[in-house]
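Here's the structure we're looking at; comments come further down.
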Amino acid sequence: MFAFIAHVIRRDLSLALRRPADLVAPLCFFLIIATFFPFGIGPEPELLRRLAPGILWVGALLSTLLSLPRMFADDFADGTLEQMALAPYPLGLAAFGKAIAHWIVSGLPLALLSPILGLQFDLPPDALCVLFFSILIGTPALSGIGAIGAGLTLGLRGSGVLLSLVMLPLCIPALIFGSGAVDAVMTGISPRPYFFLLAAFSTGSIVFAPWAAAAALKISLE
Amino acid sequence: MQTIVWYKFAAPAAFYPLAGRMIPWCWGLAALSGLAGLWLGLFVAPIDFQQGEGYRIIFVHVGASWMSMFIYLVMAFWAAIGLAFNTRLSGMMTRALAPTGACFAFISLWTGAFWGKPMWGAWWAWDVRLTSELVLFFLYIAFIALTRAIDDVRRSDKAGAILVLVSVVNIPIIYFSVSWWNSLHQGASVSLTKSPSMASVMLWGMLLCAFSMWMYSIAVALIRVRGLILERERNTEWVRALLIQEEK
């Protein structure tokens with residue numbers, strides 16, 4: 001069972017690495033979004049520092065959204081997904097592996113990039129650290145819930161917009177707890193409660209969401 | 001014997017005439033209790049000593065909020081039934097309820113804004129209960145958009161059912177948000193375990209209005225289900241016979 005999951009993860013990672021442009025595009029989008037806010041708001045450091053956690057978290061959420069449609073689309077197009085559904089392992093395990101692989105390709109680089117963008121917003125060092133960890137802990141939830149959305153909208157017309165409509169309302173807790181942790185450390189409170197809630201939400205999503213995603217995929221495969 | 005009767009109405013052909021007979025009763029009850037509730041609320045109920053006349057919006061607001069949450073639960077119930085037993089009618093019920101639920105969520109937010117302006121001095125506050133009601137509205141929109149985007153009926157019903165079942169966790173969050181978090185929104189006025197914190201005339205007015213909205217929802221949902229049944233079963237014998245009969 002673990003070998004199967006590991007195999008799915010390895011396969012998705014090697015596929016992603018062979019198309020590095022697809023991997024970098026959402027990161028560039030994250031960069032551009034974060035850079036555009038100061039243009040719109042103005043260059044006051046006080047205001048930007050205050051808004052930074054929210055802006056960076058929304059940016060991370062939107063960039064995750066960009067890479068989600070491709071989670072199942074290519075495998076659906078070439079028939080791999082049907083083979084996975086026929087495999088002796090539950091489809092939920094494959095969806096779990098794909099969600100983990102998606103997190104490694106999308107959530108992890110976003111977390112690594114976020115402190116650099118935080119520097120642009122003049123965040124203090126401890127806030128940068130908390131920002132990194134909040135995005136690191138929070139993005140698995142986005143990959144998990146995103147798997148449900150990607151499964152439900154697989155192969156539909158206008159699936160990108162539908163995916164955001166379906167997925168964004170469910171991701172609000174991650175946004176609240178994630179940016180709340182950064183806000184907390186900036187106002188001098190401990191970010192620990194936010195981290196615990198975020199970790200709970202992420203663990204719950206990444207464990208349970210793939211099974212809902214598998215149910216959605218089975219409907220799409222019919 | 002009872003079980004046979006229940007299963008009988010799971011067939012669209014059997015449910016269609018039953019729904020047709022239920023609709024006028026629901027309209028009647030909705031009109032009667034609505035008029036009675038509004039009369040109690042707008043003419044009989046005393047002025048609130050804190051909120052003055054402005055509180056009277058409660059007669060619309062509370063009922064609409066209840067219905068917006070309750071309809072989502074009913075949709076989740078039908079979604080579960082549809083996924084478990086693969087019945088055709090449950091998918092149609094889920095789909096027929098969604099626009100009414102979205103409408104009540106919107107009314108709840110809108111009347112809440114009208115109530116909030118004189119009482120809190122703001123149309124909107126980023127408060128847990130308000131925000132999660134807004135999220136509920138978004139969920140209704142997402143459900144409607146998703147099910148309308150899929151042309152295949154079976155796939156559309158099942159995809160919608162999964163979405164409803166996944167997102168139904170939001171309902172307890174809205175309902176208990178007032179007691180879990182410190183909120184600007186006032187606490188629950190009615191509870192099953194405590195005696196209500198309001199005058200009984202107000203309570204009766206509110207309950208009658210809520211009952212009226214409940215009956216209205218059933219009536220409208222049944223009308224929509226009848227439309228869906230005709231649309232989906234248009235190639236069957238019984239619909240053709242029915243149409244010929246109606247043309248005469």
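Identifiers in this document derive from the order of the structure tokens: chains are assigned A, B, ..., residues are numbered from 1 separately in each chain, and ligands are numbered from 1 in order of occurrence.
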request  = Pull out every residue of chain B sitting within 6 Å of chain A, counting only C-alpha atoms, and send them as number ranges by chain.
outcome  = B: 135, 142, 155, 159
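As for atom CA of A:Ala141 and atom CA of B:Val169, they are spaced 15.3 Å apart.
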Per-residue nearest contacts of stretch 84-129 of chain A to stretch 37-55 of chain A (8 Å; only C-alpha atoms) as CSV:
residue,atom,partner,partner_atom,distance
A:Gly118,CA,A:Ala52,CA,7.0
A:Phe121,CA,A:Arg49,CA,5.5
A:Asp122,CA,A:Arg49,CA,6.0
A:Leu123,CA,A:Arg49,CA,5.8
Distance criterion (only C-alpha atoms): nearest to B:Glu53 out of B:Ala145, B:Ile162, B:Met119, B:Leu35 = B:Met119
request  = Find, counting only C-alpha atoms, the residue in B:Ile57, B:Ile229, B:Leu208, B:Ala219 that gets nearest to B:Ser90.
outcome  =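 Smallest separation from B:Ser90 among the options: B:Ile229.
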task = Just give me the gap between atom CA of A:Ala214 and atom CA of A:Phe72 in Å, one decimal is fine.
result =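 Taking atom CA of A:Ala214 and atom CA of A:Phe72, their separation equals 10.9 Å.
Between atom CA of A:Leu31 and atom CA of A:Leu56 there is a distance of 9.3 Å.
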Quick one: residues within 9 Å of B:Gly205, only C-alpha atoms counted, chain neighbours fewer than 2 positions away excluded, as a compact mmCIF listing (two decimals) with N, CA, C and O atoms, in the first residue's frame?
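As written to disk, around.txt reads:
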# COMPACT_ATOMS: atom_id res chain seq x y z
N GLY B 34 -48.12 33.06 7.07
CA GLY B 34 -47.36 34.28 6.80
C GLY B 34 -48.14 35.51 7.19
O GLY B 34 -47.61 36.41 7.85
N ALA B 36 -50.67 35.66 9.32
CA ALA B 36 -50.84 35.68 10.78
C ALA B 36 -49.56 36.14 11.45
O ALA B 36 -49.58 36.99 12.36
N GLY B 37 -48.41 35.61 10.99
CA GLY B 37 -47.13 35.95 11.60
C GLY B 37 -46.82 37.42 11.42
O GLY B 37 -46.38 38.10 12.36
N LEU B 38 -47.05 37.95 10.22
CA LEU B 38 -46.75 39.36 9.97
C LEU B 38 -47.69 40.26 10.77
O LEU B 38 -47.30 41.31 11.28
N TRP B 39 -48.96 39.82 10.89
CA TRP B 39 -49.92 40.62 11.68
C TRP B 39 -49.47 40.67 13.14
O TRP B 39 -49.41 41.74 13.76
N LEU B 40 -49.11 39.50 13.69
CA LEU B 40 -48.62 39.46 15.07
C LEU B 40 -47.37 40.32 15.19
O LEU B 40 -47.19 41.06 16.15
N GLY B 41 -46.49 40.19 14.22
CA GLY B 41 -45.19 40.85 14.32
C GLY B 41 -45.26 42.34 14.13
O GLY B 41 -44.59 43.10 14.84
N LEU B 42 -46.08 42.79 13.16
CA LEU B 42 -46.05 44.22 12.82
C LEU B 42 -47.09 45.02 13.60
O LEU B 42 -46.92 46.23 13.78
N ALA B 45 -47.21 42.77 18.32
CA ALA B 45 -46.03 42.67 19.17
C ALA B 45 -45.63 44.06 19.68
O ALA B 45 -45.70 45.04 18.95
N PHE B 59 -38.66 39.24 12.19
CA PHE B 59 -39.68 38.29 11.72
C PHE B 59 -39.35 37.74 10.34
O PHE B 59 -39.79 36.67 9.99
N SER B 200 -43.75 36.31 24.39
CA SER B 200 -44.30 35.16 23.66
C SER B 200 -45.00 35.61 22.38
O SER B 200 -45.06 34.85 21.42
N VAL B 201 -45.53 36.86 22.34
CA VAL B 201 -46.16 37.33 21.09
C VAL B 201 -45.11 37.38 19.99
O VAL B 201 -45.32 36.92 18.87
N MET B 202 -43.93 37.94 20.32
CA MET B 202 -42.85 38.02 19.35
C MET B 202 -42.46 36.63 18.89
O MET B 202 -42.29 36.38 17.69
N LEU B 203 -42.31 35.73 19.86
CA LEU B 203 -41.90 34.36 19.53
C LEU B 203 -42.88 33.74 18.57
O LEU B 203 -42.50 33.15 17.56
N LEU B 207 -42.16 32.39 14.87
CA LEU B 207 -42.33 30.99 14.50
C LEU B 207 -43.31 30.86 13.34
O LEU B 207 -43.10 30.06 12.42
N LEU B 208 -44.39 31.67 13.36
CA LEU B 208 -45.36 31.60 12.26
C LEU B 208 -44.72 32.02 10.95
O LEU B 208 -44.94 31.39 9.91
N CYS B 209 -43.87 33.08 11.00
CA CYS B 209 -43.20 33.52 9.77
C CYS B 209 -42.26 32.43 9.28
O CYS B 209 -42.19 32.16 8.07
N ALA B 210 -41.53 31.81 10.22
CA ALA B 210 -40.59 30.77 9.81
C ALA B 210 -41.35 29.59 9.19
O ALA B 210 -40.95 29.04 8.16
task = Measuring atom to atom with only C-alpha atoms, identify which of B:Pro24, B:Ile244, B:Met93, B:Leu32 is nearest to B:Ala80.
result = B:Met93
task = May I ask which of the residues B:Glu233, B:Asp157, B:Asp48, B:Asp151 is the closest one to B:Tyr16, counting only C-alpha atoms?
result =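 Answer, going by the shortest atom-to-atom distance: B:Glu233.
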request  = Return as JSON, numbers by chain the full set of residues in stretch 141-220 of chain A whose backbone-based DSSP assignment is alpha helix (DSSP H).
outcome  = {"A": [141, 142, 143, 144, 145, 146, 147, 148, 149, 150, 151, 152, 159, 160, 161, 162, 163, 164, 165, 166, 167, 172, 173, 174, 175, 176, 177, 178, 179, 180, 181, 182, 183, 184, 185, 186, 192, 193, 194, 195, 196, 197, 198, 199, 200, 201, 202, 203, 204, 205, 206, 207, 208, 209, 210, 211, 212, 213, 214, 215, 216, 217, 218, 219, 220]}
